[in-house]
Amino acid sequence: MNRVMHLLRGTVALQASGPFPERLMNLCALHRVDFWGVEWKDENTLRFTIFRRDRAQVEELGGRVNCVLEEENRAGLPFFLGRFRTRYGFLAGLAGSLLALCVLSNVVLTIQISGNETIPNGVILGELNRLGIRPGVFGPGLNTADVAQEAALGLEGVAWMAINLHGTRAEVIVREAVAAPEVAKEEGFCDILSEADGMIEKVDALEGEALVKPGDLVLRGETLISGVVSMEPPQYSGLPVRYYQTRARGRVYARTWRTLTARIPLQTAVKTYTGEEKTCWSLTILNHRTDFYKNSSISWSTYDKIKTEHLLQLPQVGLLPVRLTAEKLRAYEISAVSVDQDAARALLEDRLLLQLEQQIGADGEIISTQFSAREDGEVLEVTLRAECREEIGREQETGPDPRVQQEENDTNDRAEHQF
């Protein structure tokens with residue numbers, strides 16, 4: 001610690017010569033002048049070290065005891081900086097560097113986002129950029145609490161957001177909103193219709209009246225479970241059948257037969273690279289881009305562009321807003337080639353199977369499949385015929401049933417006649 005203080009304050013090594021140099025040491029101690037490293041050279045000469053600020057006082061004390069002082073060495077920060085008193089360019093550069101260091105240490109260079117799972121980083125960065133938080137902005141001038149609150153209100157699906165500044169790094173913490181459970185629609189009336197042709201295997205009617213039973217054949221659009229329920233009157237009562245209407249609920253499973261078709265051309269266009277290439281460079285600093293290929297031109301009519309970005313990253317800081325971009329251009333020509341029919345057929349069969357699985361849903365089951373293919377000119381056509389077991393019911397909104405309305409009107413008329 002003493003060594004550090006000596007370097008900061010500056011020290012001077014002196015040599016005192018005189019009849020009684022030890023008297024100079026006594027006067028320094030009497031006037032509380034710090035000195036150390038006392039070393040006798042001979043009986044009339046000694047060497048010692050003092051602080052730079054005590055130099056004038058020690059010379060005055062040396063005159064009192066007829067001692068001649070000679071400087072042997074000087075060290076410390078004040079003497080180092082004193083060398084540049086007349087080098088104004090260096091001093092200006094040093095002052096500018098210190099000022100830039102103080103300012104840039106408070107400029108946001110990187111933005112780190114955490115806590116988001118479904119909302120992309122680009123969406124959050126775009127909203128923050130609209131509100132004034134971007135690389136290059138002065139951090140102490142930001143009201144991070146207000147910006148975080150406004151960004152959370154402006155982003156759909158964000159329940160809470162916090163922005164913390166750590167020097168040149170802005171930390172954005174996001175908490176996404178929990179989606180509310182879907183509420184089943186309870187208002188209105190509906191029937192359950194068939195969404196495919198098939199043979200009924202099982203009917204689970206939770207609400208409403210089932211109009212089909214296992215073994216029945218149904219067509220697409222036919223009503224499976226009706227929202228109008230009939231109530232048979234007691235036997236020999238002579239009363240009419242009564243009806244009430246509700247929302248039909250249930251699941252209907254059936255065996256279905258589906259036919260899907262896909263087509264693909266037997267001639268296709270492919271790219272053949274000519275070997276001509278060119279690379280264009282650009283540098284982006286704080287969203288300001290500088291292109292190094294402004295005077296260059298491209299004579300090719302068709303070419304691919306491969307973009308590669310090199311980002312500057314520092315340890316414990318992260319990515320900085322400095323990006324070197326290389327755009328590699330490769331010229332090509334387009335030519336027609338024949339497609340391998342076996343590979344094309346296999347591709348279409350895979351796509352048809354995927355389409356079939358999407359149609360029957362996760363609960364569906366494929367019992368059997370059969371593929372056929374034919375050429376139609378320059379086009380290959382593949383047909384899939386499949387037997388499946390699936391749930392075929394779908395809800396269809398309906399209005400009030402006339403039978404239910406008529407029954408309500410008859411009931412009201414009878415009530416009025418009684419009074």
# chains A, B, ... in the order shown; residues from 1 in each chain; ligands from 1
call {"tool": "select_by_dssp", "arguments": {"residues": "range 76-142 of chain A", "states": "alpha helix (DSSP H)", "output": "mmCIF file with all heavy atoms, in the first residue's frame"}}
result
data_model
loop_
_atom_site.group_PDB
_atom_site.id
_atom_site.type_symbol
_atom_site.label_atom_id
_atom_site.label_comp_id
_atom_site.auth_asym_id
_atom_site.auth_seq_id
_atom_site.Cartn_x
_atom_site.Cartn_y
_atom_site.Cartn_z
ATOM 1 N N LEU A 77 3.824 9.144 -10.468
ATOM 2 C CA LEU A 77 2.897 9.604 -11.487
ATOM 3 C C LEU A 77 3.032 11.091 -11.803
ATOM 4 O O LEU A 77 2.959 11.471 -12.982
ATOM 5 C CB LEU A 77 1.461 9.272 -11.046
ATOM 6 C CG LEU A 77 0.346 9.625 -12.032
ATOM 7 C CD1 LEU A 77 0.517 8.852 -13.332
ATOM 8 C CD2 LEU A 77 -1.020 9.332 -11.416
ATOM 9 N N PRO A 78 3.216 12.001 -10.838
ATOM 10 C CA PRO A 78 3.335 13.432 -11.196
ATOM 11 C C PRO A 78 4.482 13.714 -12.153
ATOM 12 O O PRO A 78 4.339 14.533 -13.068
ATOM 13 C CB PRO A 78 3.539 14.104 -9.837
ATOM 14 C CG PRO A 78 2.900 13.179 -8.854
ATOM 15 C CD PRO A 78 3.172 11.822 -9.369
ATOM 16 N N PHE A 79 5.634 13.038 -11.952
ATOM 17 C CA PHE A 79 6.764 13.269 -12.858
ATOM 18 C C PHE A 79 6.500 12.675 -14.248
ATOM 19 O O PHE A 79 6.909 13.235 -15.262
ATOM 20 C CB PHE A 79 8.041 12.666 -12.262
ATOM 21 C CG PHE A 79 8.435 13.288 -10.956
ATOM 22 C CD1 PHE A 79 8.330 12.590 -9.766
ATOM 23 C CD2 PHE A 79 8.898 14.597 -10.913
ATOM 24 C CE1 PHE A 79 8.690 13.171 -8.566
ATOM 25 C CE2 PHE A 79 9.267 15.179 -9.715
ATOM 26 C CZ PHE A 79 9.157 14.467 -8.542
ATOM 27 N N PHE A 80 5.776 11.525 -14.288
ATOM 28 C CA PHE A 80 5.456 10.932 -15.583
ATOM 29 C C PHE A 80 4.539 11.840 -16.388
ATOM 30 O O PHE A 80 4.750 12.069 -17.585
ATOM 31 C CB PHE A 80 4.807 9.563 -15.353
ATOM 32 C CG PHE A 80 4.309 8.916 -16.610
ATOM 33 C CD1 PHE A 80 5.190 8.288 -17.480
ATOM 34 C CD2 PHE A 80 2.957 8.950 -16.929
ATOM 35 C CE1 PHE A 80 4.727 7.701 -18.654
ATOM 36 C CE2 PHE A 80 2.495 8.373 -18.096
ATOM 37 C CZ PHE A 80 3.381 7.740 -18.961
ATOM 38 N N LEU A 81 3.496 12.370 -15.739
ATOM 39 C CA LEU A 81 2.583 13.263 -16.458
ATOM 40 C C LEU A 81 3.252 14.590 -16.789
ATOM 41 O O LEU A 81 2.877 15.251 -17.759
ATOM 42 C CB LEU A 81 1.329 13.501 -15.610
ATOM 43 C CG LEU A 81 0.454 12.259 -15.347
ATOM 44 C CD1 LEU A 81 -0.736 12.627 -14.473
ATOM 45 C CD2 LEU A 81 -0.021 11.644 -16.655
ATOM 46 N N GLY A 82 4.230 14.994 -15.977
ATOM 47 C CA GLY A 82 4.892 16.266 -16.243
ATOM 48 C C GLY A 82 5.671 16.276 -17.544
ATOM 49 O O GLY A 82 5.966 17.346 -18.089
ATOM 50 N N TYR A 88 0.560 19.047 -26.334
ATOM 51 C CA TYR A 88 -0.861 19.363 -26.221
ATOM 52 C C TYR A 88 -1.731 18.340 -26.963
ATOM 53 O O TYR A 88 -2.869 18.074 -26.565
ATOM 54 C CB TYR A 88 -1.123 20.767 -26.758
ATOM 55 C CG TYR A 88 -0.302 21.824 -26.053
ATOM 56 C CD1 TYR A 88 0.769 22.457 -26.692
ATOM 57 C CD2 TYR A 88 -0.586 22.154 -24.732
ATOM 58 C CE1 TYR A 88 1.524 23.406 -26.035
ATOM 59 C CE2 TYR A 88 0.168 23.114 -24.064
ATOM 60 C CZ TYR A 88 1.225 23.740 -24.722
ATOM 61 O OH TYR A 88 1.974 24.676 -24.069
ATOM 62 N N GLY A 89 -1.222 17.784 -28.047
ATOM 63 C CA GLY A 89 -1.994 16.769 -28.764
ATOM 64 C C GLY A 89 -2.226 15.535 -27.914
ATOM 65 O O GLY A 89 -3.330 14.972 -27.892
ATOM 66 N N PHE A 90 -1.163 15.131 -27.200
ATOM 67 C CA PHE A 90 -1.317 13.972 -26.321
ATOM 68 C C PHE A 90 -2.296 14.267 -25.189
ATOM 69 O O PHE A 90 -3.136 13.429 -24.849
ATOM 70 C CB PHE A 90 0.045 13.578 -25.759
ATOM 71 C CG PHE A 90 -0.021 12.471 -24.741
ATOM 72 C CD1 PHE A 90 -0.098 11.149 -25.146
ATOM 73 C CD2 PHE A 90 -0.033 12.767 -23.382
ATOM 74 C CE1 PHE A 90 -0.166 10.130 -24.204
ATOM 75 C CE2 PHE A 90 -0.101 11.754 -22.449
ATOM 76 C CZ PHE A 90 -0.171 10.434 -22.860
ATOM 77 N N LEU A 91 -2.167 15.455 -24.597
ATOM 78 C CA LEU A 91 -3.087 15.808 -23.515
ATOM 79 C C LEU A 91 -4.521 15.860 -23.990
ATOM 80 O O LEU A 91 -5.451 15.423 -23.293
ATOM 81 C CB LEU A 91 -2.669 17.156 -22.911
ATOM 82 C CG LEU A 91 -1.323 17.167 -22.183
ATOM 83 C CD1 LEU A 91 -1.001 18.577 -21.687
ATOM 84 C CD2 LEU A 91 -1.334 16.190 -21.004
ATOM 85 N N ALA A 92 -4.721 16.410 -25.197
ATOM 86 C CA ALA A 92 -6.086 16.464 -25.733
ATOM 87 C C ALA A 92 -6.608 15.053 -25.999
ATOM 88 O O ALA A 92 -7.778 14.743 -25.719
ATOM 89 C CB ALA A 92 -6.103 17.291 -27.021
ATOM 90 N N GLY A 93 -5.755 14.173 -26.515
ATOM 91 C CA GLY A 93 -6.184 12.796 -26.747
ATOM 92 C C GLY A 93 -6.494 12.065 -25.463
ATOM 93 O O GLY A 93 -7.461 11.300 -25.378
ATOM 94 N N LEU A 94 -5.649 12.312 -24.428
ATOM 95 C CA LEU A 94 -5.901 11.690 -23.130
ATOM 96 C C LEU A 94 -7.209 12.167 -22.528
ATOM 97 O O LEU A 94 -8.007 11.374 -22.021
ATOM 98 C CB LEU A 94 -4.736 11.979 -22.186
ATOM 99 C CG LEU A 94 -4.856 11.418 -20.770
ATOM 100 C CD1 LEU A 94 -4.948 9.899 -20.807
ATOM 101 C CD2 LEU A 94 -3.681 11.872 -19.907
ATOM 102 N N ALA A 95 -7.449 13.483 -22.602
ATOM 103 C CA ALA A 95 -8.703 14.012 -22.071
ATOM 104 C C ALA A 95 -9.895 13.473 -22.849
ATOM 105 O O ALA A 95 -10.936 13.115 -22.278
ATOM 106 C CB ALA A 95 -8.676 15.543 -22.115
ATOM 107 N N GLY A 96 -9.738 13.392 -24.190
ATOM 108 C CA GLY A 96 -10.829 12.839 -24.997
ATOM 109 C C GLY A 96 -11.091 11.382 -24.698
ATOM 110 O O GLY A 96 -12.249 10.939 -24.676
ATOM 111 N N SER A 97 -10.015 10.638 -24.454
ATOM 112 C CA SER A 97 -10.191 9.218 -24.139
ATOM 113 C C SER A 97 -10.904 9.029 -22.810
ATOM 114 O O SER A 97 -11.798 8.185 -22.670
ATOM 115 C CB SER A 97 -8.830 8.523 -24.109
ATOM 116 O OG SER A 97 -8.183 8.630 -25.365
ATOM 117 N N LEU A 98 -10.494 9.829 -21.817
ATOM 118 C CA LEU A 98 -11.168 9.736 -20.520
ATOM 119 C C LEU A 98 -12.632 10.137 -20.624
ATOM 120 O O LEU A 98 -13.512 9.513 -20.021
ATOM 121 C CB LEU A 98 -10.440 10.615 -19.493
ATOM 122 C CG LEU A 98 -9.002 10.183 -19.138
ATOM 123 C CD1 LEU A 98 -8.376 11.198 -18.186
ATOM 124 C CD2 LEU A 98 -9.005 8.789 -18.511
ATOM 125 N N LEU A 99 -12.895 11.193 -21.398
ATOM 126 C CA LEU A 99 -14.284 11.615 -21.571
ATOM 127 C C LEU A 99 -15.087 10.551 -22.306
ATOM 128 O O LEU A 99 -16.227 10.247 -21.929
ATOM 129 C CB LEU A 99 -14.325 12.939 -22.346
ATOM 130 C CG LEU A 99 -15.728 13.510 -22.622
ATOM 131 C CD1 LEU A 99 -16.439 13.814 -21.311
ATOM 132 C CD2 LEU A 99 -15.627 14.765 -23.480
ATOM 133 N N ALA A 100 -14.497 9.962 -23.352
ATOM 134 C CA ALA A 100 -15.199 8.915 -24.096
ATOM 135 C C ALA A 100 -15.452 7.697 -23.221
ATOM 136 O O ALA A 100 -16.509 7.065 -23.305
ATOM 137 C CB ALA A 100 -14.391 8.516 -25.327
ATOM 138 N N LEU A 101 -14.471 7.385 -22.359
ATOM 139 C CA LEU A 101 -14.648 6.256 -21.459
ATOM 140 C C LEU A 101 -15.803 6.498 -20.498
ATOM 141 O O LEU A 101 -16.628 5.612 -20.253
ATOM 142 C CB LEU A 101 -13.354 5.995 -20.692
ATOM 143 C CG LEU A 101 -13.384 4.850 -19.670
ATOM 144 C CD1 LEU A 101 -13.670 3.528 -20.373
ATOM 145 C CD2 LEU A 101 -12.081 4.781 -18.903
ATOM 146 N N CYS A 102 -15.875 7.706 -19.958
ATOM 147 C CA CYS A 102 -16.962 8.026 -19.025
ATOM 148 C C CYS A 102 -18.321 8.002 -19.715
ATOM 149 O O CYS A 102 -19.323 7.573 -19.142
ATOM 150 C CB CYS A 102 -16.712 9.397 -18.388
ATOM 151 S SG CYS A 102 -15.236 9.470 -17.342
ATOM 152 N N VAL A 103 -18.355 8.475 -20.971
ATOM 153 C CA VAL A 103 -19.635 8.525 -21.688
ATOM 154 C C VAL A 103 -20.030 7.151 -22.203
ATOM 155 O O VAL A 103 -21.164 6.691 -22.015
ATOM 156 C CB VAL A 103 -19.557 9.549 -22.839
ATOM 157 C CG1 VAL A 103 -20.822 9.509 -23.683
ATOM 158 C CG2 VAL A 103 -19.340 10.953 -22.287
ATOM 159 N N LEU A 104 -19.082 6.458 -22.867
ATOM 160 C CA LEU A 104 -19.424 5.175 -23.473
ATOM 161 C C LEU A 104 -19.732 4.109 -22.443
ATOM 162 O O LEU A 104 -20.432 3.140 -22.750
ATOM 163 C CB LEU A 104 -18.269 4.705 -24.372
ATOM 164 C CG LEU A 104 -18.029 5.544 -25.630
ATOM 165 C CD1 LEU A 104 -16.839 4.993 -26.401
ATOM 166 C CD2 LEU A 104 -19.277 5.550 -26.513
ATOM 167 N N ASN A 121 -37.647 -12.875 -30.021
ATOM 168 C CA ASN A 121 -36.811 -11.752 -29.597
ATOM 169 C C ASN A 121 -36.977 -10.556 -30.521
ATOM 170 O O ASN A 121 -36.922 -9.413 -30.074
ATOM 171 C CB ASN A 121 -35.345 -12.174 -29.561
ATOM 172 C CG ASN A 121 -35.025 -13.089 -28.392
ATOM 173 O OD1 ASN A 121 -35.835 -13.247 -27.480
ATOM 174 N ND2 ASN A 121 -33.878 -13.710 -28.420
ATOM 175 N N GLY A 122 -37.163 -10.821 -31.821
ATOM 176 C CA GLY A 122 -37.306 -9.714 -32.767
ATOM 177 C C GLY A 122 -38.509 -8.853 -32.486
ATOM 178 O O GLY A 122 -38.469 -7.630 -32.655
ATOM 179 N N VAL A 123 -39.614 -9.467 -32.055
ATOM 180 C CA VAL A 123 -40.822 -8.698 -31.737
ATOM 181 C C VAL A 123 -40.570 -7.795 -30.527
ATOM 182 O O VAL A 123 -40.954 -6.624 -30.506
ATOM 183 C CB VAL A 123 -42.004 -9.652 -31.484
ATOM 184 C CG1 VAL A 123 -43.238 -8.884 -31.035
ATOM 185 C CG2 VAL A 123 -42.307 -10.453 -32.744
ATOM 186 N N ILE A 124 -39.901 -8.341 -29.518
ATOM 187 C CA ILE A 124 -39.613 -7.549 -28.311
ATOM 188 C C ILE A 124 -38.631 -6.437 -28.628
ATOM 189 O O ILE A 124 -38.797 -5.292 -28.185
ATOM 190 C CB ILE A 124 -39.079 -8.468 -27.201
ATOM 191 C CG1 ILE A 124 -40.132 -9.532 -26.848
ATOM 192 C CG2 ILE A 124 -38.706 -7.662 -25.963
ATOM 193 C CD1 ILE A 124 -39.650 -10.553 -25.843
ATOM 194 N N LEU A 125 -37.587 -6.727 -29.407
ATOM 195 C CA LEU A 125 -36.614 -5.696 -29.768
ATOM 196 C C LEU A 125 -37.250 -4.599 -30.595
ATOM 197 O O LEU A 125 -36.915 -3.414 -30.450
ATOM 198 C CB LEU A 125 -35.454 -6.325 -30.531
ATOM 199 C CG LEU A 125 -34.513 -7.227 -29.722
ATOM 200 C CD1 LEU A 125 -33.497 -7.889 -30.627
ATOM 201 C CD2 LEU A 125 -33.800 -6.426 -28.628
ATOM 202 N N GLY A 126 -38.199 -4.961 -31.482
ATOM 203 C CA GLY A 126 -38.889 -3.945 -32.274
ATOM 204 C C GLY A 126 -39.707 -3.007 -31.418
ATOM 205 O O GLY A 126 -39.708 -1.782 -31.637
ATOM 206 N N GLU A 127 -40.400 -3.535 -30.414
ATOM 207 C CA GLU A 127 -41.194 -2.686 -29.523
ATOM 208 C C GLU A 127 -40.285 -1.800 -28.666
ATOM 209 O O GLU A 127 -40.574 -0.617 -28.457
ATOM 210 C CB GLU A 127 -42.065 -3.564 -28.627
ATOM 211 C CG GLU A 127 -42.990 -2.805 -27.682
ATOM 212 C CD GLU A 127 -44.061 -2.009 -28.397
ATOM 213 O OE1 GLU A 127 -44.289 -2.268 -29.596
ATOM 214 O OE2 GLU A 127 -44.663 -1.126 -27.763
ATOM 215 N N LEU A 128 -39.174 -2.354 -28.167
ATOM 216 C CA LEU A 128 -38.233 -1.549 -27.380
ATOM 217 C C LEU A 128 -37.604 -0.461 -28.236
ATOM 218 O O LEU A 128 -37.382 0.663 -27.762
ATOM 219 C CB LEU A 128 -37.153 -2.447 -26.778
ATOM 220 C CG LEU A 128 -37.616 -3.464 -25.722
ATOM 221 C CD1 LEU A 128 -36.461 -4.343 -25.296
ATOM 222 C CD2 LEU A 128 -38.217 -2.751 -24.516
ATOM 223 N N ASN A 129 -37.298 -0.760 -29.485
ATOM 224 C CA ASN A 129 -36.732 0.243 -30.382
ATOM 225 C C ASN A 129 -37.727 1.382 -30.617
ATOM 226 O O ASN A 129 -37.345 2.550 -30.678
ATOM 227 C CB ASN A 129 -36.356 -0.412 -31.711
ATOM 228 C CG ASN A 129 -35.693 0.565 -32.661
ATOM 229 O OD1 ASN A 129 -34.551 0.959 -32.486
ATOM 230 N ND2 ASN A 129 -36.420 0.983 -33.684
ATOM 231 N N ARG A 130 -39.010 1.038 -30.718
ATOM 232 C CA ARG A 130 -40.041 2.079 -30.886
ATOM 233 C C ARG A 130 -40.114 2.987 -29.657
ATOM 234 O O ARG A 130 -40.384 4.194 -29.782
ATOM 235 C CB ARG A 130 -41.393 1.424 -31.131
ATOM 236 C CG ARG A 130 -42.518 2.407 -31.440
ATOM 237 C CD ARG A 130 -43.831 1.682 -31.582
ATOM 238 N NE ARG A 130 -44.274 1.139 -30.312
ATOM 239 C CZ ARG A 130 -44.946 1.833 -29.397
ATOM 240 N NH1 ARG A 130 -45.261 3.101 -29.614
ATOM 241 N NH2 ARG A 130 -45.325 1.257 -28.271
#
call {"tool": "residues_around", "arguments": {"residues": "Val137 in chain A", "least_positions_apart": "2", "cutoff": "9 Å", "atoms": "only C-alpha atoms", "output": "PyMOL selection string"}}
result
chain A and resi 106-109+132-135+139+141-142
call {"tool": "residues_around", "arguments": {"residues": "Arg64 in chain A", "least_positions_apart": "5", "cutoff": "10 Å", "atoms": "only C-alpha atoms", "output": "PDB file with C-alpha atoms, in the first residue's frame"}}
result
ATOM      1  CA  ARG A  23      21.547  17.694  11.517  1.00  0.00           C
ATOM      2  CA  LEU A  24      19.425  17.903   8.364  1.00  0.00           C
ATOM      3  CA  LEU A  27      15.459  19.236  11.310  1.00  0.00           C
ATOM      4  CA  GLU A  59      16.183  22.543   0.538  1.00  0.00           C
TER       5      GLU A  59
END
call {"tool": "atom_distance", "arguments": {"atom1": "CA of Lys307 in chain A", "atom2": "CA of Thr110 in chain A"}}
result
22.3 Å
call {"tool": "closest_residue", "arguments": {"among": "A:Arg9, A:Lys271, A:Arg55, A:Arg47", "to": "Val33 in chain A", "atoms": "only C-alpha atoms"}}
result
A:Arg55
call {"tool": "residues_around", "arguments": {"residues": "Glu365 in chain A", "least_positions_apart": "2", "cutoff": "10 Å", "atoms": "only C-alpha atoms", "output": "list in words"}}
result
Arg255, Glu357, Ile360, Gly361, Ala362, Asp363, Ile367, Ser368, Glu387, Cys388, Arg389, Glu390 and Glu391 of chain A
call {"tool": "write_last_selection", "arguments": {"atoms": "all heavy atoms", "output": "short mmCIF file (atom, residue, chain, number, x, y, z; two decimals), in the first residue's frame"}}
result
data_model
loop_
_atom_site.label_atom_id
_atom_site.label_comp_id
_atom_site.auth_asym_id
_atom_site.auth_seq_id
_atom_site.Cartn_x
_atom_site.Cartn_y
_atom_site.Cartn_z
N ARG A 255 -66.07 -46.21 -39.43
CA ARG A 255 -65.09 -46.67 -40.38
C ARG A 255 -65.30 -45.90 -41.67
O ARG A 255 -66.42 -45.85 -42.20
CB ARG A 255 -65.23 -48.17 -40.61
CG ARG A 255 -64.24 -48.74 -41.59
CD ARG A 255 -64.28 -50.24 -41.62
NE ARG A 255 -63.85 -50.80 -40.35
CZ ARG A 255 -63.71 -52.11 -40.13
NH1 ARG A 255 -63.98 -52.97 -41.10
NH2 ARG A 255 -63.31 -52.55 -38.96
N GLU A 357 -53.16 -38.43 -42.33
CA GLU A 357 -53.05 -38.36 -40.86
C GLU A 357 -53.59 -37.05 -40.32
O GLU A 357 -54.21 -37.02 -39.25
CB GLU A 357 -51.58 -38.55 -40.45
CG GLU A 357 -51.04 -39.95 -40.72
CD GLU A 357 -49.56 -40.05 -40.44
OE1 GLU A 357 -48.95 -38.98 -40.15
OE2 GLU A 357 -49.00 -41.15 -40.53
N ILE A 360 -57.60 -37.31 -40.40
CA ILE A 360 -58.29 -38.17 -39.43
C ILE A 360 -57.97 -37.78 -37.99
O ILE A 360 -58.64 -38.23 -37.06
CB ILE A 360 -57.93 -39.65 -39.66
CG1 ILE A 360 -56.44 -39.90 -39.37
CG2 ILE A 360 -58.28 -40.07 -41.08
CD1 ILE A 360 -56.03 -41.36 -39.50
N GLY A 361 -56.95 -36.91 -37.77
CA GLY A 361 -56.65 -36.44 -36.43
C GLY A 361 -55.82 -37.42 -35.62
O GLY A 361 -55.52 -38.54 -36.05
N ALA A 362 -55.46 -36.95 -34.41
CA ALA A 362 -54.61 -37.78 -33.55
C ALA A 362 -55.31 -39.02 -33.05
O ALA A 362 -54.68 -40.04 -32.76
CB ALA A 362 -54.11 -36.95 -32.36
N ASP A 363 -56.66 -38.96 -32.93
CA ASP A 363 -57.41 -40.13 -32.44
C ASP A 363 -57.73 -41.13 -33.54
O ASP A 363 -58.24 -42.21 -33.25
CB ASP A 363 -58.72 -39.66 -31.78
CG ASP A 363 -58.48 -38.80 -30.56
OD1 ASP A 363 -57.39 -38.94 -29.97
OD2 ASP A 363 -59.35 -37.98 -30.21
N ILE A 367 -56.39 -48.18 -41.10
CA ILE A 367 -56.51 -49.64 -41.14
C ILE A 367 -55.75 -50.22 -42.31
O ILE A 367 -54.98 -51.18 -42.17
CB ILE A 367 -58.00 -50.04 -41.18
CG1 ILE A 367 -58.73 -49.51 -39.94
CG2 ILE A 367 -58.14 -51.56 -41.27
CD1 ILE A 367 -60.23 -49.77 -39.94
N SER A 368 -55.93 -49.65 -43.49
CA SER A 368 -55.24 -50.17 -44.67
C SER A 368 -55.08 -49.05 -45.68
O SER A 368 -55.86 -48.08 -45.68
CB SER A 368 -56.01 -51.34 -45.29
OG SER A 368 -57.29 -50.91 -45.76
N GLU A 387 -58.58 -47.06 -45.81
CA GLU A 387 -59.66 -47.39 -44.88
C GLU A 387 -59.21 -46.98 -43.49
O GLU A 387 -58.12 -47.38 -43.04
CB GLU A 387 -59.99 -48.88 -44.93
CG GLU A 387 -61.14 -49.28 -44.02
CD GLU A 387 -61.44 -50.77 -44.07
OE1 GLU A 387 -60.81 -51.47 -44.89
OE2 GLU A 387 -62.28 -51.24 -43.27
N CYS A 388 -60.05 -46.20 -42.81
CA CYS A 388 -59.64 -45.62 -41.52
C CYS A 388 -60.74 -45.83 -40.49
O CYS A 388 -61.90 -46.13 -40.82
CB CYS A 388 -59.35 -44.13 -41.67
SG CYS A 388 -58.20 -43.72 -42.99
N ARG A 389 -60.37 -45.67 -39.26
CA ARG A 389 -61.32 -45.62 -38.15
C ARG A 389 -61.09 -44.28 -37.45
O ARG A 389 -60.00 -44.00 -36.96
CB ARG A 389 -61.09 -46.77 -37.19
CG ARG A 389 -62.09 -46.79 -36.03
CD ARG A 389 -61.85 -47.98 -35.11
NE ARG A 389 -62.16 -49.25 -35.76
CZ ARG A 389 -61.24 -50.14 -36.13
NH1 ARG A 389 -59.95 -49.89 -35.92
NH2 ARG A 389 -61.58 -51.28 -36.70
N GLU A 390 -62.12 -43.43 -37.38
CA GLU A 390 -61.94 -42.07 -36.87
C GLU A 390 -63.22 -41.53 -36.28
O GLU A 390 -64.30 -42.12 -36.44
CB GLU A 390 -61.48 -41.14 -38.01
CG GLU A 390 -62.44 -41.11 -39.17
CD GLU A 390 -61.97 -40.23 -40.30
OE1 GLU A 390 -61.81 -39.02 -40.01
OE2 GLU A 390 -61.79 -40.72 -41.43
N GLU A 391 -63.08 -40.41 -35.58
CA GLU A 391 -64.23 -39.70 -35.01
C GLU A 391 -64.70 -38.70 -36.06
O GLU A 391 -63.94 -37.82 -36.47
CB GLU A 391 -63.82 -39.00 -33.72
CG GLU A 391 -64.97 -38.69 -32.77
CD GLU A 391 -65.70 -37.42 -33.17
OE1 GLU A 391 -65.02 -36.43 -33.48
OE2 GLU A 391 -66.95 -37.42 -33.16
#
call {"tool": "residues_around", "arguments": {"residues": "Gly393 in chain A", "least_positions_apart": "6", "cutoff": "6 Å", "atoms": "only C-alpha atoms", "output": "list in words"}}
result
Ile192, Leu193, Ser194 and Val252 of chain A
call {"tool": "write_last_selection", "arguments": {"atoms": "all heavy atoms", "output": "PDB file, in the first residue's frame"}}
result
ATOM      1  N   ILE A 192     -74.790 -32.338 -34.221  1.00  0.00           N
ATOM      2  CA  ILE A 192     -73.510 -32.942 -34.586  1.00  0.00           C
ATOM      3  C   ILE A 192     -73.711 -33.654 -35.914  1.00  0.00           C
ATOM      4  O   ILE A 192     -74.533 -34.580 -36.018  1.00  0.00           O
ATOM      5  CB  ILE A 192     -73.021 -33.913 -33.504  1.00  0.00           C
ATOM      6  CG1 ILE A 192     -72.681 -33.134 -32.222  1.00  0.00           C
ATOM      7  CG2 ILE A 192     -71.792 -34.687 -33.974  1.00  0.00           C
ATOM      8  CD1 ILE A 192     -72.158 -33.977 -31.093  1.00  0.00           C
ATOM      9  N   LEU A 193     -72.968 -33.197 -36.934  1.00  0.00           N
ATOM     10  CA  LEU A 193     -73.073 -33.725 -38.282  1.00  0.00           C
ATOM     11  C   LEU A 193     -71.850 -34.562 -38.620  1.00  0.00           C
ATOM     12  O   LEU A 193     -70.794 -34.451 -37.992  1.00  0.00           O
ATOM     13  CB  LEU A 193     -73.223 -32.588 -39.292  1.00  0.00           C
ATOM     14  CG  LEU A 193     -74.320 -31.544 -39.019  1.00  0.00           C
ATOM     15  CD1 LEU A 193     -74.372 -30.539 -40.161  1.00  0.00           C
ATOM     16  CD2 LEU A 193     -75.671 -32.208 -38.826  1.00  0.00           C
ATOM     17  N   SER A 194     -71.987 -35.358 -39.658  1.00  0.00           N
ATOM     18  CA  SER A 194     -70.881 -36.183 -40.138  1.00  0.00           C
ATOM     19  C   SER A 194     -70.004 -35.360 -41.077  1.00  0.00           C
ATOM     20  O   SER A 194     -70.510 -34.697 -41.974  1.00  0.00           O
ATOM     21  CB  SER A 194     -71.425 -37.416 -40.864  1.00  0.00           C
ATOM     22  OG  SER A 194     -70.365 -38.137 -41.460  1.00  0.00           O
ATOM     23  N   VAL A 252     -68.835 -39.601 -32.197  1.00  0.00           N
ATOM     24  CA  VAL A 252     -69.314 -40.672 -33.070  1.00  0.00           C
ATOM     25  C   VAL A 252     -68.114 -41.218 -33.836  1.00  0.00           C
ATOM     26  O   VAL A 252     -67.435 -40.474 -34.552  1.00  0.00           O
ATOM     27  CB  VAL A 252     -70.391 -40.171 -34.047  1.00  0.00           C
ATOM     28  CG1 VAL A 252     -70.871 -41.325 -34.935  1.00  0.00           C
ATOM     29  CG2 VAL A 252     -71.562 -39.556 -33.296  1.00  0.00           C
TER      30      VAL A 252
END
call {"tool": "residues_around", "arguments": {"residues": "Thr284 in chain A", "least_positions_apart": "2", "cutoff": "10 Å", "atoms": "only C-alpha atoms", "output": "ChimeraX atom specification"}}
result
/A:282,286-291,311,321-325
